[in-house]
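*Asks:* Here it is, the structure in full.
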Amino acid sequence: MGRSAFYVLAAIPGISFVWLISQYNNVFSNTLPSPSLNIPWVPVLRLDLDFRMDQLSWILCLLVLGIGALVLAYCARYFKTNDAGLGGFGAQLLAFAGVMFGLVTADNFILLFIFWELTTVLSYLLIGYARTRIAARRAALQALIVTTFGGLAMLVGLIMLGETAGTYSISAVVAKAPELMAAVGSSRTVLDIGIALILVGAVTKSALLPFHFWLPGAMAAPTPVSAYLHAAAMVKAGIYLIARLAPGYSQTEYWQAMILVLGLGTMLLGGWRALRQHDLKLILAYGTVSQLGFLTLVVGLGGQEAAMAGLAMVLAHGLFKASLFLVVGIIDHQSGTRDIRELSGVFKSAPKLGVVALIGAASMAGLPPTAGFVAKEGVFQALLANAGHGPSSAVVGWLVVVGVVLGSALTFAYSARFMWGGFATKSKGMATAFKPVGWLFLAAPALLAMLTLAYAIVPSVVEGWIKPYSSQFPSYDPNGLHLLLWHGFTPALGLSAVVVVLGLALFLARARVEAWQAKVPSVVDAERGYRQSIVILDAVAIWVTGRTQRGSLFFYLVVILSTAIAAVLAVLILGDQQWSNNLYLVDPGSPFQIVAGAVIIIGAVAAARASKRFMAVLMVSVTGYGIALIFALQGAPDLALTQMLVETIILVAFVLAMRSLPAGLEERKSGSHKGLRMILGIGFGATMVVVGALAMGSRIHDPVSLSMPRMAYEGGGGLNVVNVTLVDIRAWDTFGEVSVLAIAATGIASLIFVRGRGMSLPRAETVETGSIGKLRSSLPAPTIKIAKKFSASTRNPWLVAGRTLAPERRSIIIEVVTRLVFHSIMVISVYLLLVGHNGTGGGFAGGLVAGLALTIRYLAGGRFELAEATRVSAGTLLGLGLAMAALTGLMPLFFGGEVFQSAIISFDWPIFGNIKFVTSTLFDIGVYLIVVGLVIDVLRSLGSEIDQHEESGMAGIELIEDDEPLEVGR
């Protein structure tokens, strides 16, 4: 569908907006319950998926869903069909709408924090949409670091508040505010500090001082992102959190100071800096910073009048600021510039666009008849009431009034600058022509402008929405506050007149103001401070890394093992330990353990003393096979089989990788910290023995494993306790582990593949017979002749790609044996997969056996044989395996079950008789595919790729037979 797909995406928040309107009666009724949803998740941590739609959430959702739908629809005309990455961009923008909806409806602090951080991650992706532009990437990272810092501080505050209240339910914590506020001593201190830390999170998210700098930088994002995230949605998250807690906690120790100082300071600073910007988008960005400070101040002030006016301004700001950002996007799209020094005559070229912008700018400036005027009149009334009767002192109250008037004058001035710069006809004229604007492109900002006017015409509707929320606060105005377009000649109207006069004067003297601003030095530059902090952090990281990551394996092992030994010894010395009364060196019932133990010890000592890499790896594998033997002797065939297969695969991987390494272990010099190595090795081994012995003696309850056979049979439908545990009882653990396997395979591939592992390998028929791996031969001539005769056979070859290898590279015995055993091994692997639920085996063991079969094919026929044997790429197998495992976990939800719940299905088949099928077998098949994909990744990474590099290095070396006369110079 190209860019028109955005209309489909817009339908999702659009339909949700219709649903939101349909919930009006339930939300605002005094008798009907508000919409809510509770899904238990981690009860021990008091973490549930609690969602609740009250009046405050409903109001914020109007912006989140309504403007979200309009912005997505706007994207269908803003972007070009051939723009790169539109699919990912659309998905991320839609996901952001869903995450914001979750944030404002979450009724659990930890759940709110999860959504909070998801908005941070998604904003990072959306700001950095233009990945090839360094400015976009830098701005995205800056926004991520700043807001994550605030989010972590907020998390600490949320935990402090939740633990103090004894619940993480937001509605319950707000309801318990009178009780918590009455506390004294340490409890009250924890409460005050917790609220202050939560405000830090709100301040960073809403771009207040001293974290305001990230928002103008985020203008590197596409304009729809700026209109939605940085005007209507994401930056409102901090405002929402302040509004949510204000009814109960606006009188805590640090609340008023933080709200008043940071809010008023941000309003003045943002407005002042907006006056010197020449980019239309940056004028709006600094204006947004200013008005976020304004909103924070009013919403967090406390009092019924301030709450009413604050939420009224939140709605008005969302309407006009989103509209203006979308207008800027149209100007940029149609003219190719946002610079007010280059724009001229846009109003004449696009009068409809000019009218839409004029309505938005008038509302931003607080002029009638717009929503901004109605809300600002209410704000002035609330501030006057607070100055006269509010909890703050009269001096503070009047200082706030004066500061807001000055900030509003700046708002008027940069609103006028926006209209003049973007639409006025200037003497210079436009550098490029302005293209006509279609109605589909103009529809979203035009609709927002119409709503801005409708708000002003019937403000009583908005007042009815806000009234239930504002009634939670005490009232400081005897006459109360009502949202009206015309209050008469009141002090608030007088303040509005002062704002217009001051703002008009600032606009008319804009040249002098800009010149004066350029001369005033920046005393404190928060962005420069941020950059210097990052530089210092980098320097410290480099210093620490240089002294810890020294490239010495010996150093790393000394630190790790010494720490482990010291920690255990500290516990042994300080704690009261219980030793088991049933300790023995060798199991009396299994004397063959002595043989296995001797094999392990010999292998370990030989590995430590080996001078060749291959011998060291081989001896390490001997220790692994010895442990597999112990598992078998102790009656654990599944563990023994898996251990043996894993050791074999690891041995193959090591041997393949060692082809690129020197044969000898040069660093193993006699006397090089030999004594310390021995002490650490023996000490760590002894420590682990002691830990095991103490763990055996510390048990106070019956082992959980005693009930596992019954659970495996009755709940999992299988007799193999190990396999049922992996795919059913503890399927979550296994899913995490196979995910790690997929990540590990991807990591290996990323280190080896330069071109991408998804590329298909060349087929054998494209390669000349006997051309792969030619060497300067040291073989006797008869051997070469026999090999040539074997490779030149016209019969069906033993292996499909064997003919591609040079004759001296081929082994008749290995090829014949591979042809004989490959299919049998594959059948055994499938058998182990299917029988694992009731007998020894399972998806992991079966996948490893299949991997060994493919390894034999590769060793016999080379990289082209591997390509013939694995027509499906490793990445595809890993993806299919993970998808099957995930779907197996999700499917029970559609039948009323729980995640990873299995079902037992019995049926009769001809010949086979009664079949009992357990759905967790599908999960095991997913594990099988993942393991096979991992092995293929290893074989292609450490096998085929290294083969190809070696072949490239040998290109041009001719094969010289012993009986061929040498020429001079050859």
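As shown in the structure tokens, the chain order sets the letters A, B, ...; within each chain, residues go from 1, and ligands are also counted from 1 in the order they appear.
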Hey, could you make a per-residue contact list for range 836-918 of chain A against range 926-948 of chain A with 7 Å as the cut-off, showing the nearest pair of atoms and its distance in Å to one decimal, counting only C-alpha atoms, sorted by chain and number, as CSV?
*Replies:*
residue,atom,partner,partner_atom,distance
A:Gly843,CA,A:Tyr928,CA,4.4
A:Phe844,CA,A:Tyr928,CA,5.6
A:Gly846,CA,A:Tyr928,CA,6.4
A:Gly847,CA,A:Tyr928,CA,4.5
A:Leu848,CA,A:Val931,CA,6.4
A:Ala850,CA,A:Val932,CA,6.6
A:Gly851,CA,A:Val932,CA,5.5
A:Arg863,CA,A:Ser944,CA,4.9
A:Ala874,CA,A:Gly933,CA,4.4
A:Gly875,CA,A:Gly933,CA,6.8
A:Leu877,CA,A:Gly933,CA,5.1
A:Leu878,CA,A:Ile930,CA,4.6
A:Gly881,CA,A:Gly926,CA,3.9
A:Leu882,CA,A:Gly926,CA,6.2
A:Met884,CA,A:Gly926,CA,5.2
A:Ala885,CA,A:Gly926,CA,5.1
*Asks:* How would you write, as a ChimeraX atom specification, the set of residues in range 33-162 of chain A that DSSP gives as alpha helix (DSSP H)?
*Replies:* /A:55-61,68-78,86-105,109-127,134-162
*Asks:* Ranking A:Leu326, A:Ile904, A:Ala686, A:Ile239 by minimum distance to Pro445 in chain A and counting only C-alpha atoms, which one comes first?
*Replies:*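 Of all the options, A:Leu326 lies closest to Pro445 in chain A.
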*Asks:* So, with only C-alpha atoms as the atoms that count, which of A:Gln577, A:Ser16, A:Val458, A:Phe211 lies closest to Gly529 in chain A?
*Replies:*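 Smallest distance to Gly529 in chain A is found for A:Phe211.
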*Asks:* How close does range 476-548 of chain A get to range 379-395 of chain A? List, as a Markdown table, each residue of range 476-548 of chain A within 6 Å, its nearest atom pair and the distance in Å to one decimal, counting only C-alpha atoms.
*Replies:*
| residue | atom | partner | partner_atom | distance |
| --- | --- | --- | --- | --- |
| A:Tyr476 | CA | A:His389 | CA | 5.5 |
| A:Asp477 | CA | A:Ala385 | CA | 5.4 |
| A:Ala492 | CA | A:Phe380 | CA | 5.3 |
*Asks:* Write out as a ChimeraX atom specification the residues lying within 10 Å of Leu834 in chain A, counting only C-alpha atoms and excluding same-chain residues fewer than 4 positions away.
*Replies:* /A:828-830,838-839,841-843,846,921-922,924-925
*Asks:* Atoms to include: C-alpha atoms. Write the selected residues as a CSV table (one decimal), in the first residue's frame.
*Replies:*
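Written file, selection22.csv:
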chain,number,residue,atom,x,y,z
A,828,ILE,CA,18.2,-41.4,15.3
A,829,SER,CA,18.0,-37.6,15.9
A,830,VAL,CA,14.2,-37.6,15.0
A,838,ASN,CA,8.8,-40.8,27.8
A,839,GLY,CA,12.4,-42.0,27.3
A,841,GLY,CA,16.2,-37.9,24.5
A,842,GLY,CA,14.4,-34.7,23.7
A,843,GLY,CA,14.6,-31.8,21.4
A,846,GLY,CA,18.0,-34.7,19.0
A,921,THR,CA,6.2,-31.8,22.0
A,922,LEU,CA,5.7,-28.8,19.7
A,924,ASP,CA,10.5,-29.5,21.9
A,925,ILE,CA,10.4,-29.3,18.1
*Asks:* Counting only C-alpha atoms, which of A:Gln142, A:Gln256, A:Thr164, A:Thr204 gets nearest to Glu179 in chain A?
*Replies:*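 Among A:Gln142, A:Gln256, A:Thr164, A:Thr204, it is A:Thr164 that comes nearest to Glu179 in chain A.
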*Asks:* Between CA of Ala246 in chain A and CA of Leu161 in chain A, what is the distance in Å, rounded to a tenth?
*Replies:*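 So the answer is 14.0 Å.
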*Asks:* So the first atom is CA of Ser471 in chain A and the second is CA of Ala306 in chain A; what is the distance between them in Å, to one decimal place?
*Replies:*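 CA of Ala306 in chain A lies 10.9 Å from CA of Ser471 in chain A.
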*Asks:* Please report the interatomic distance between CA of Ser920 in chain A and CA of Val727 in chain A in Å with one decimal.
*Replies:*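 CA of Val727 in chain A lies at a distance of 6.0 Å from CA of Ser920 in chain A.
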*Asks:* Pick out the residues sitting within 12 Å of Arg857 in chain A, and hand them over as an MDAnalysis selection string; count only C-alpha atoms, and ignore anything fewer than 5 positions along from it in its own chain.
*Replies:* chainID A and resid 798:802 814:823 825:826 850:852 862:870 936 939 943
*Asks:* Would you save the residues from that selection as a tab-separated table (two decimals), in the first residue's frame, using C-alpha atoms?
*Replies:*
chain	number	residue	atom	x	y	z
A	798	TRP	CA	29.47	-40.60	-2.71
A	799	LEU	CA	28.77	-37.02	-1.69
A	800	VAL	CA	27.12	-34.39	-3.87
A	801	ALA	CA	29.84	-31.77	-3.39
A	802	GLY	CA	32.77	-34.12	-2.87
A	814	ILE	CA	35.45	-40.73	5.24
A	815	GLU	CA	33.18	-40.16	2.23
A	816	VAL	CA	32.03	-43.79	2.19
A	817	VAL	CA	31.40	-43.88	5.92
A	818	THR	CA	29.52	-40.58	5.77
A	819	ARG	CA	27.28	-41.86	2.99
A	820	LEU	CA	26.52	-44.96	5.07
A	821	VAL	CA	25.81	-43.35	8.44
A	822	PHE	CA	24.37	-39.89	7.68
A	823	HIS	CA	20.77	-40.92	7.13
A	825	ILE	CA	22.08	-40.56	12.36
A	826	MET	CA	19.31	-38.23	11.15
A	850	ALA	CA	21.34	-33.87	13.77
A	851	GLY	CA	24.08	-31.25	14.09
A	852	LEU	CA	26.69	-33.99	14.35
A	862	GLY	CA	33.72	-29.35	2.58
A	863	ARG	CA	31.76	-26.12	2.53
A	864	PHE	CA	29.90	-26.88	-0.69
A	865	GLU	CA	28.66	-30.14	0.78
A	866	LEU	CA	27.40	-28.19	3.80
A	867	ALA	CA	25.53	-25.87	1.44
A	868	GLU	CA	23.94	-28.87	-0.30
A	869	ALA	CA	22.95	-30.43	3.03
A	870	THR	CA	21.48	-27.23	4.52
A	936	ILE	CA	24.78	-24.78	11.21
A	939	LEU	CA	29.78	-24.79	10.92
A	943	GLY	CA	34.03	-23.81	9.01
*Asks:* Do a neighbour search on Ser57 in chain A at 10 Å with only C-alpha atoms, toss out local chain neighbours closer than 6 positions, and write the hits as a PyMOL selection string.
*Replies:* chain A and resi 27+101-106+240+244
*Asks:* Would you please work out which residue, of A:Lys426, A:Arg810, A:Lys612, A:Lys321, is nearest to His230 in chain A when using only C-alpha atoms?
*Replies:*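 Nearest to His230 in chain A: A:Lys321.
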*Asks:* Which of these, A:Phe917, A:Phe320, A:Phe489, A:Tyr249, has the shortest distance to Met181 in chain A once you count only C-alpha atoms?
*Replies:*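 Using only C-alpha atoms, Met181 in chain A sits closest to A:Tyr249.
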*Asks:* Excluding range 557-563 of chain A and any residue of its chain fewer than 5 positions from it, enumerate the residues within 9 Å of it, using only C-alpha atoms, and give them as a list in words.
*Replies:*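 Using only C-alpha atoms, the neighbours found are Ser552, Val568, Leu676, Arg677, Leu680, Gly681, Gly683 and Phe684 of chain A.
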*Asks:* I need the chosen residues saved as an mmCIF file, in the first residue's frame, with N, CA and C atoms.
*Replies:*
data_model
loop_
_atom_site.group_PDB
_atom_site.id
_atom_site.type_symbol
_atom_site.label_atom_id
_atom_site.label_comp_id
_atom_site.auth_asym_id
_atom_site.auth_seq_id
_atom_site.Cartn_x
_atom_site.Cartn_y
_atom_site.Cartn_z
ATOM 1 N N SER A 552 44.851 -9.695 29.509
ATOM 2 C CA SER A 552 45.567 -10.817 30.114
ATOM 3 C C SER A 552 44.564 -11.781 30.727
ATOM 4 N N VAL A 568 33.291 -16.663 49.508
ATOM 5 C CA VAL A 568 32.872 -17.901 50.178
ATOM 6 C C VAL A 568 33.529 -18.016 51.558
ATOM 7 N N LEU A 676 51.296 -19.156 41.860
ATOM 8 C CA LEU A 676 50.005 -18.501 42.070
ATOM 9 C C LEU A 676 48.907 -19.209 41.298
ATOM 10 N N ARG A 677 49.230 -19.656 40.096
ATOM 11 C CA ARG A 677 48.236 -20.383 39.308
ATOM 12 C C ARG A 677 47.787 -21.651 40.043
ATOM 13 N N LEU A 680 45.614 -20.774 43.167
ATOM 14 C CA LEU A 680 44.264 -20.348 42.800
ATOM 15 C C LEU A 680 43.435 -21.512 42.273
ATOM 16 N N GLY A 681 44.035 -22.332 41.423
ATOM 17 C CA GLY A 681 43.304 -23.457 40.867
ATOM 18 C C GLY A 681 42.858 -24.430 41.940
ATOM 19 N N GLY A 683 42.714 -23.853 45.159
ATOM 20 C CA GLY A 683 41.844 -23.165 46.118
ATOM 21 C C GLY A 683 40.422 -23.036 45.621
ATOM 22 N N PHE A 684 40.263 -22.697 44.341
ATOM 23 C CA PHE A 684 38.909 -22.553 43.811
ATOM 24 C C PHE A 684 38.203 -23.910 43.753
#
*Asks:* Residues near range 415-425 of chain A, anyone? I mean within 10 Å using only C-alpha atoms, not counting same-chain ones fewer than 4 positions away, as a VMD selection string.
*Replies:* chain A and resid 271 274 to 281 283 to 284 287 324 327 to 328 331 338 to 351 353 to 354 357 to 358 360 to 366 409 to 411 429 to 430 503 to 504 506 to 508 510
